[in-house]
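Data from model_9.txt: compact mmCIF, C-alpha atoms and all ligand atoms
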```
# COMPACT_ATOMS: atom_id res chain seq x y z
CA MET A 1 67.53 44.32 7.01
CA ASP A 2 65.28 42.23 4.84
CA SER A 3 63.05 40.05 6.95
CA GLY A 4 59.74 40.54 5.21
CA ARG A 5 57.40 43.28 6.21
CA GLU A 6 58.28 45.33 9.23
CA TYR A 7 55.83 47.47 11.09
CA PRO A 8 55.04 50.32 11.32
CA ASN A 9 53.32 50.09 8.00
CA PRO A 10 50.56 52.67 8.11
CA PHE A 11 47.80 52.58 5.53
CA SER A 12 46.50 55.93 4.34
CA ARG A 13 44.38 57.44 1.59
CA CYS A 14 46.60 58.97 -1.04
CA PRO A 15 45.61 62.59 -1.75
CA GLU A 16 46.99 62.24 -5.28
CA CYS A 17 45.13 59.19 -6.58
CA GLY A 18 42.54 58.76 -3.84
CA LEU A 19 43.31 55.10 -3.21
CA VAL A 20 43.96 53.53 0.16
CA THR A 21 47.32 51.83 0.08
CA GLU A 22 50.12 50.68 2.27
CA PRO A 23 53.31 52.69 1.75
CA ARG A 24 55.64 51.70 -1.04
CA ARG A 25 58.17 53.58 0.96
CA LEU A 26 58.02 55.21 4.37
CA ASP A 27 60.37 57.97 5.48
CA TYR A 28 60.15 58.60 9.17
CA VAL A 29 62.15 59.10 12.32
CA ALA A 30 61.92 56.10 14.61
CA ALA A 31 60.95 56.68 18.21
CA ALA A 32 61.29 54.12 20.98
CA HIS A 33 60.27 50.54 20.13
CA GLY A 34 60.50 51.26 16.41
CA ARG A 35 57.35 53.34 16.47
CA ILE A 36 56.93 56.42 14.32
CA ASP A 37 58.06 59.69 15.91
CA TRP A 38 55.25 61.98 14.78
CA GLY A 39 57.22 65.03 15.96
CA HIS A 40 59.11 64.80 12.68
CA PRO A 41 57.70 64.89 9.15
CA VAL A 42 56.58 61.49 7.92
CA VAL A 43 56.45 60.97 4.17
CA VAL A 44 54.95 57.97 2.47
CA THR A 45 55.19 57.03 -1.18
CA CYS A 46 51.92 55.70 -2.54
CA LEU A 47 51.94 52.07 -3.64
CA ALA A 48 49.47 52.84 -6.40
CA CYS A 49 50.67 56.07 -8.00
CA ASP A 50 54.20 56.29 -6.62
CA ARG A 51 53.79 59.89 -5.52
CA PRO A 52 54.93 61.03 -2.09
CA HIS A 53 52.68 62.69 0.44
CA GLU A 54 53.04 63.73 4.03
CA LEU A 55 51.38 61.65 6.69
CA THR A 56 49.99 62.68 10.06
CA PRO A 57 48.62 60.38 12.77
CA LEU A 58 45.12 61.44 11.69
CA ASP A 59 45.75 60.07 8.20
CA VAL A 60 46.57 56.58 9.39
CA LEU A 61 43.64 54.27 8.80
CA GLU A 62 42.55 51.52 11.13
CA LEU A 63 43.03 47.94 10.07
CA ASP A 64 39.33 47.17 10.20
CA GLY A 65 39.33 44.44 7.58
CA PHE A 66 41.31 41.60 6.05
CA HIS A 67 42.56 40.70 2.63
CA GLU A 68 42.71 37.03 1.71
CA CYS A 69 45.71 36.31 -0.51
CA ASP A 70 45.00 34.71 -3.92
CA GLN A 71 48.35 32.97 -3.80
CA CYS A 72 48.66 31.55 -0.31
CA GLY A 73 45.39 32.25 1.48
CA GLN A 74 47.01 34.34 4.18
CA MET A 75 44.68 36.84 5.80
CA THR A 76 46.44 40.18 5.94
CA PRO A 77 44.97 42.88 8.17
CA CYS A 78 44.19 46.07 6.25
CA PRO A 79 41.61 48.82 6.14
CA GLU A 80 38.32 47.70 4.62
CA GLU A 81 38.88 50.15 1.75
CA ALA A 82 42.48 49.18 1.02
CA ALA A 83 43.13 49.08 -2.72
CA ARG A 84 46.78 48.01 -2.77
CA LEU A 85 48.72 45.96 -0.29
CA HIS A 86 51.20 43.15 -0.06
CA CYS A 87 50.45 39.77 1.45
CA LEU A 88 51.92 39.45 4.90
CA ARG A 89 53.22 35.95 4.20
CA CYS A 90 54.22 35.65 0.54
CA GLY A 91 54.49 39.32 -0.40
CA ALA A 92 52.17 39.04 -3.40
CA LEU A 93 50.79 42.40 -4.49
CA ALA A 94 47.04 42.54 -4.18
CA CYS A 95 44.88 44.90 -6.22
CA ARG A 96 41.54 44.94 -4.52
CA PRO A 97 38.31 46.30 -5.93
CA VAL A 98 37.73 49.72 -4.49
CA LEU A 99 34.48 50.00 -2.62
CA HIS A 100 34.44 53.76 -2.41
CA ASP A 101 36.23 54.93 -5.49
CA PRO A 102 36.30 58.73 -5.29
CA VAL A 103 36.73 59.00 -9.06
CA ALA A 104 34.45 56.39 -10.60
CA ARG A 105 31.71 56.30 -8.04
CA PRO A 106 29.21 53.49 -8.49
CA GLU A 107 25.52 54.32 -8.56
CA THR A 108 24.40 55.51 -5.21
CA VAL A 109 21.44 53.73 -3.73
CA VAL A 110 19.32 56.18 -1.82
ZN ZN A 201 48.45 57.46 -4.90
ZN ZN A 202 50.18 35.38 0.09
```
Once you've parsed the file, please lay out its structure as C-alpha cells.
Amino acid sequence: MDSGREYPNPFSRCPECGLVTEPRRLDYVAAAHGRIDWGHPVVVTCLACDRPHELTPLDVLELDGFHECDQCGQMTPCPEEAARLHCLRCGALACRPVLHDPVARPETVV
C-alpha cells in the first residue's frame, strides 16, 4: 500500500529530542475504520532523531496550525509547534523553525 500519506498520522513531542514531529514510523494495532486501537501499545519513531517512543492519546497534539510547502505551496495541517513533517501533496520534508525549542530557548520577554 503506497498511496501517499495515510492517516492516522499523530504528531507528538519526542521525549528524546524534544521536537514535535510526525511519525517516521508508527506501530499500532488498527481498530475499526483504520483508527488507532489505544488498548494496545503504540510506538512511534521520531522523524527528527529516529528514536522510538511510546505514544498515548494524551501525547497526540492537535493540528492547530498549517505548514505551507516551499515546493508546491500545499497547506498541510500540523501542530503550530511542528518541527518536522512531510508535505501532504508532494511529500517534501519540511524543517520548520521551532518556536518553543526546549534546548535553545530564545530570550524570554517578560
Ligand atoms: Zn526525536
Ligand atoms: Zn509540497
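Put simply, CA of Pro97 (chain A) is 17.9 Å away from CA of Gln74 (chain A).
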task: Output the neighbourhood of ligand ZN 201 (chain A) as an MDAnalysis selection string, that is, all protein and nucleic acid residues with some atom at most 8 Å from the ligand, counting only C-alpha atoms and all ligand atoms.
output: chainID A and resid 13:21 45:52
Residues at most 8 Å from ligand ZN 202 (chain A), using all atoms listed in the file? Could they come as an mmCIF file with C-alpha atoms, keeping the file's coordinate frame?
```
data_model
loop_
_atom_site.group_PDB
_atom_site.id
_atom_site.type_symbol
_atom_site.label_atom_id
_atom_site.label_comp_id
_atom_site.auth_asym_id
_atom_site.auth_seq_id
_atom_site.Cartn_x
_atom_site.Cartn_y
_atom_site.Cartn_z
ATOM 1 C CA GLU A 68 42.710 37.030 1.710
ATOM 2 C CA CYS A 69 45.710 36.310 -0.510
ATOM 3 C CA ASP A 70 45.000 34.710 -3.920
ATOM 4 C CA GLN A 71 48.350 32.970 -3.800
ATOM 5 C CA CYS A 72 48.660 31.550 -0.310
ATOM 6 C CA GLY A 73 45.390 32.250 1.480
ATOM 7 C CA GLN A 74 47.010 34.340 4.180
ATOM 8 C CA HIS A 86 51.200 43.150 -0.060
ATOM 9 C CA CYS A 87 50.450 39.770 1.450
ATOM 10 C CA LEU A 88 51.920 39.450 4.900
ATOM 11 C CA ARG A 89 53.220 35.950 4.200
ATOM 12 C CA CYS A 90 54.220 35.650 0.540
ATOM 13 C CA GLY A 91 54.490 39.320 -0.400
ATOM 14 C CA ALA A 92 52.170 39.040 -3.400
#
```
- request: Identify which of the residues A:Val43, A:His67, A:Ala30, A:Pro10 lies closest to Ala94 (chain A), counting only C-alpha atoms when measuring atom-to-atom distances.
  value: A:His67
statement: note - CA of Arg35 (chain A) and CA of Cys95 (chain A) are separated by 27.2 Å
query: Using all atoms listed in the file, which residues sit within 8 Å of Phe66 (chain A) once same-chain residues fewer than 5 positions away are excluded, as a list of chain:residue names?
result: A:Met75, A:Thr76, A:Pro77, A:Cys78, A:Pro79, A:Glu80
Those residues with C-alpha atoms, as an mmCIF file, in the frame of the given file please?
```
data_model
loop_
_atom_site.group_PDB
_atom_site.id
_atom_site.type_symbol
_atom_site.label_atom_id
_atom_site.label_comp_id
_atom_site.auth_asym_id
_atom_site.auth_seq_id
_atom_site.Cartn_x
_atom_site.Cartn_y
_atom_site.Cartn_z
ATOM 1 C CA MET A 75 44.680 36.840 5.800
ATOM 2 C CA THR A 76 46.440 40.180 5.940
ATOM 3 C CA PRO A 77 44.970 42.880 8.170
ATOM 4 C CA CYS A 78 44.190 46.070 6.250
ATOM 5 C CA PRO A 79 41.610 48.820 6.140
ATOM 6 C CA GLU A 80 38.320 47.700 4.620
#
```
task: Work out how far apart CA of Pro23 (chain A) and CA of Val44 (chain A) are and give it in Å to one decimal.
output: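 CA of Val44 (chain A) lies at a distance of 5.6 Å from CA of Pro23 (chain A).
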Taking all atoms of region 43-58 of chain A that appear in the file, build a box with edges along x, y and z, extend it by 6 Å on every side, and state its centre and edge lengths in Å to one decimal, as JSON.
```
{"center_x": 50.8, "center_y": 57.9, "center_z": 2.4, "size_x": 23.3, "size_y": 23.7, "size_z": 32.8}
```
- prompt: Which is closest to His53 (chain A) among A:Gly34, A:Gly65, A:Arg25, A:Ala83, if we use all atoms listed in the file?
  reply: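 Closest to His53 (chain A), using all atoms listed in the file: A:Arg25.
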